[in-house]
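Engineer: Input: one structure, supplied below.
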Amino acid sequence: MDCLFDPRWSPYAVGIGIGVLSWLSFLISRKPIACSTSFARTSGMIERLFRGKRVESKAYYREIGLSIDWQWMLVVGIIIGAGFSAAISGDFHLQWTPDLWAAAFGPDPLLRVAVALLGGIILGFGARWAGGCTSGHGISGTLQLALSSWIAALSFFAGGIVTAHLIFKVLA
Amino acid sequence: MTKNNETQRRPLRSGTQKILGLIFGILFGFLLHKGGATKYDVILGQLLLQDFTVVKIMLSAVVTGMLGIYLMKSRGWVDLYPKGGSIGKSLIGGLIFGVGFAVLGYCPGTISGAIGNGYLDAFTGGLVGILLGAGLFAAVYPGLKVAVLKKGDFGDVTLPQLLKVNPWFVVIPLAILISAFLYWLEIHG
């Protein structure tokens, strides 16, 4: 069981593990692994704290429902599971600026956080527009062979590859 | 071919589901960290086509998952839950997501893992941004639904349904194709 303490595993071992996990989530919980709707629910629940019950009547929140469910708990679990793996393998550390970013744009945390905020807004908006993210479409949807998910997943990477090259090859 | 033969099973209680969700999440997060997918450098490395870790993880998960899910589906053990889509929704939304993916350097699943890993850009700017973006979408949703999301609607069709073939005629060739691609990546990557 020493491998549990290794900071990195083969990507194939990880991928096969996620595949097997998807069998179990279909079989036991009858749900595909997905994440991004929970961020929309959280956003709605935070807005409800400030603006009250009327937030629930927004068309989008009526469709997805503003409550803590299986998927919301899954997202909480990801934080715990990744934190646990990082902690037992000596890989947990607080870091503001990723190395690759710092090498191109310097170590200033403020610039990185501002860009992450902008990226987050675009990502959160796009995830809801496409109706899923890298897990819901990219893994769970493509493995079910859903047409919507194959188109979305290929678009994620097309948009991502072009933008990453613009940032690191043109801007940097 | 009948579509989405519902298996006859009692729904689980909501409390049980929440605990199961938490357990699935812990295992998923554990695996994401072990794969390096909780790291900005790994995700950007993928989008810059320098480090193929993310694609290797995703494609091996897809092959494994697809074989098992379609086998269990053929035994009547599981149902499929394909999402509906349209050109306006899946293609345009996907491209917007992709831009955000590269600017942020995390996605909704991996940012959760990144927060657990201690990355503060994820926990501050990234998380707040995603919540704002999702809220913004909810605000414009009614207009967007009419104007864009329904354009080129194809519903929740799966590739075997689209091609009107037995699912295994898609599953087996795709599994071979993806495996061959991964093998090629290992040789030339």
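Going through the structure tokens in order, the chains are called A, B, and so on, while each chain numbers its residues from 1 and the ligands are numbered from 1 in the order shown.
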Neighbouring residues of B:Val103 were defined as those with any atom within 8 Å, considering only C-alpha atoms; residues of the same chain fewer than 3 positions away were excluded. Please report them as a list in words.

Structural biologist: Val115, Ala116, Leu118, Gly119, Gly120, Thr163, Ala164 and Ile167 of chain A; Val99 and Gly100 of chain B

Engineer: Next, dump the selected residues to file, keeping only N, CA and C atoms, as a short mmCIF file (atom, residue, chain, number, x, y, z; two decimals), in the first residue's frame.

Structural biologist:
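That gives us result_17.cif:
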data_model
loop_
_atom_site.label_atom_id
_atom_site.label_comp_id
_atom_site.auth_asym_id
_atom_site.auth_seq_id
_atom_site.Cartn_x
_atom_site.Cartn_y
_atom_site.Cartn_z
N VAL A 115 -6.37 37.37 -12.92
CA VAL A 115 -6.55 36.58 -14.15
C VAL A 115 -7.38 35.33 -13.84
N ALA A 116 -7.14 34.71 -12.68
CA ALA A 116 -7.93 33.53 -12.28
C ALA A 116 -9.40 33.92 -12.11
N LEU A 118 -10.98 36.36 -13.69
CA LEU A 118 -11.52 36.53 -15.05
C LEU A 118 -11.76 35.16 -15.71
N GLY A 119 -10.76 34.28 -15.60
CA GLY A 119 -10.89 32.94 -16.17
C GLY A 119 -12.05 32.18 -15.55
N GLY A 120 -12.21 32.34 -14.24
CA GLY A 120 -13.30 31.66 -13.54
C GLY A 120 -14.66 32.12 -14.02
N THR A 163 -6.47 29.37 -26.77
CA THR A 163 -6.29 30.42 -25.76
C THR A 163 -4.97 30.26 -25.01
N ALA A 164 -4.61 29.03 -24.66
CA ALA A 164 -3.35 28.80 -23.94
C ALA A 164 -2.16 29.24 -24.78
N ILE A 167 -1.98 33.02 -24.76
CA ILE A 167 -1.46 33.55 -23.50
C ILE A 167 0.05 33.34 -23.39
N VAL B 99 -11.99 28.70 -23.40
CA VAL B 99 -11.25 29.95 -23.15
C VAL B 99 -11.04 30.11 -21.64
N GLY B 100 -12.11 29.90 -20.87
CA GLY B 100 -12.01 30.00 -19.42
C GLY B 100 -11.06 28.96 -18.83
#

Engineer: Give me, as number ranges by chain, all polymer residues having an atom no more than 10 Å from stretch 38-44 of chain A, counting only C-alpha atoms and skipping those fewer than 4 positions away in the same chain.

Structural biologist: A: 34, 48-49, 51, 55-56, 58, 60-61, 64-76, 124-125, 127-128; B: 108, 127-128, 130-138

Engineer: Atom CA of A:Trp23 to atom CA of B:Gly36: how many Å, to one decimal?

Structural biologist: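 Atom CA of B:Gly36 lies 22.3 Å from atom CA of A:Trp23.
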
Engineer: Can you tell me, as a ChimeraX atom specification, which residues in chain B count as strand (DSSP E or B) by DSSP?

Structural biologist: /B:85-86,119,153-155,158

Engineer: Which is closer to chain A than all the others in B:Ala147, B:Leu47, B:Val55, B:Leu185, using only C-alpha atoms?

Structural biologist: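 Residue with the minimum atom-to-atom distance to chain A: B:Leu47.
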
Engineer: Can you work out which one of B:Phe154, B:Tyr119, B:Tyr106, B:Phe169 has the shortest atom-to-atom distance to A:Ile122, counting only C-alpha atoms?

Structural biologist: B:Tyr106

Engineer: Please measure the separation of atom CA of A:Ala172 and atom CA of B:Thr110, giving the value in Å to one decimal.

Structural biologist: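 According to the coordinates, atom CA of A:Ala172 and atom CA of B:Thr110 are separated by 24.5 Å.
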
Engineer: Just the residues within 12 Å of B:Ile69, please, counting only C-alpha atoms, with nothing from its chain fewer than 2 positions along; format it as a PyMOL selection string.

Structural biologist: (chain A and resi 19-27+30-32+140-145) or (chain B and resi 61-67+71-81+167-168+171)

Engineer: Pull C-alpha atoms from the residues just selected and write them as an mmCIF file, in the first residue's frame.

Structural biologist:
data_model
loop_
_atom_site.group_PDB
_atom_site.id
_atom_site.type_symbol
_atom_site.label_atom_id
_atom_site.label_comp_id
_atom_site.auth_asym_id
_atom_site.auth_seq_id
_atom_site.Cartn_x
_atom_site.Cartn_y
_atom_site.Cartn_z
ATOM 1 C CA GLY A 19 -13.471 4.747 -15.136
ATOM 2 C CA VAL A 20 -14.158 2.125 -12.464
ATOM 3 C CA LEU A 21 -15.454 4.862 -10.153
ATOM 4 C CA SER A 22 -17.918 5.836 -12.883
ATOM 5 C CA TRP A 23 -19.204 2.238 -13.050
ATOM 6 C CA LEU A 24 -19.901 2.385 -9.329
ATOM 7 C CA SER A 25 -21.587 5.788 -9.439
ATOM 8 C CA PHE A 26 -23.922 4.606 -12.238
ATOM 9 C CA LEU A 27 -24.593 1.339 -10.453
ATOM 10 C CA ARG A 30 -27.518 6.034 -10.564
ATOM 11 C CA LYS A 31 -25.715 9.253 -11.401
ATOM 12 C CA PRO A 32 -22.841 10.209 -13.694
ATOM 13 C CA SER A 140 -19.143 10.954 -18.004
ATOM 14 C CA GLY A 141 -20.852 12.183 -21.168
ATOM 15 C CA THR A 142 -18.274 10.969 -23.666
ATOM 16 C CA LEU A 143 -18.132 7.512 -22.055
ATOM 17 C CA GLN A 144 -21.909 7.268 -22.566
ATOM 18 C CA LEU A 145 -21.261 8.279 -26.182
ATOM 19 C CA ALA B 61 -11.206 6.832 -18.008
ATOM 20 C CA VAL B 62 -13.463 7.043 -21.082
ATOM 21 C CA VAL B 63 -12.377 3.645 -22.455
ATOM 22 C CA THR B 64 -12.686 1.926 -19.065
ATOM 23 C CA GLY B 65 -15.941 3.645 -18.216
ATOM 24 C CA MET B 66 -17.506 3.086 -21.642
ATOM 25 C CA LEU B 67 -16.753 -0.658 -21.725
ATOM 26 C CA LEU B 71 -21.706 -3.976 -20.561
ATOM 27 C CA MET B 72 -23.836 -3.193 -17.485
ATOM 28 C CA LYS B 73 -26.374 -1.412 -19.676
ATOM 29 C CA SER B 74 -26.716 -4.533 -21.865
ATOM 30 C CA ARG B 75 -27.376 -6.567 -18.697
ATOM 31 C CA GLY B 76 -30.014 -4.047 -17.609
ATOM 32 C CA TRP B 77 -28.024 -3.072 -14.513
ATOM 33 C CA VAL B 78 -27.661 0.643 -15.266
ATOM 34 C CA ASP B 79 -29.432 3.383 -17.212
ATOM 35 C CA LEU B 80 -27.770 5.974 -19.418
ATOM 36 C CA TYR B 81 -28.139 9.699 -18.757
ATOM 37 C CA PRO B 167 -23.841 0.211 -29.434
ATOM 38 C CA TRP B 168 -20.998 -2.323 -29.582
ATOM 39 C CA VAL B 171 -17.879 0.992 -28.353
#

Engineer: Could you pull out the helix (DSSP H, G or I) residues of stretch 138-185 of chain B from DSSP and send them as number ranges by chain?

Structural biologist: B: 138-149, 159-163, 168-185
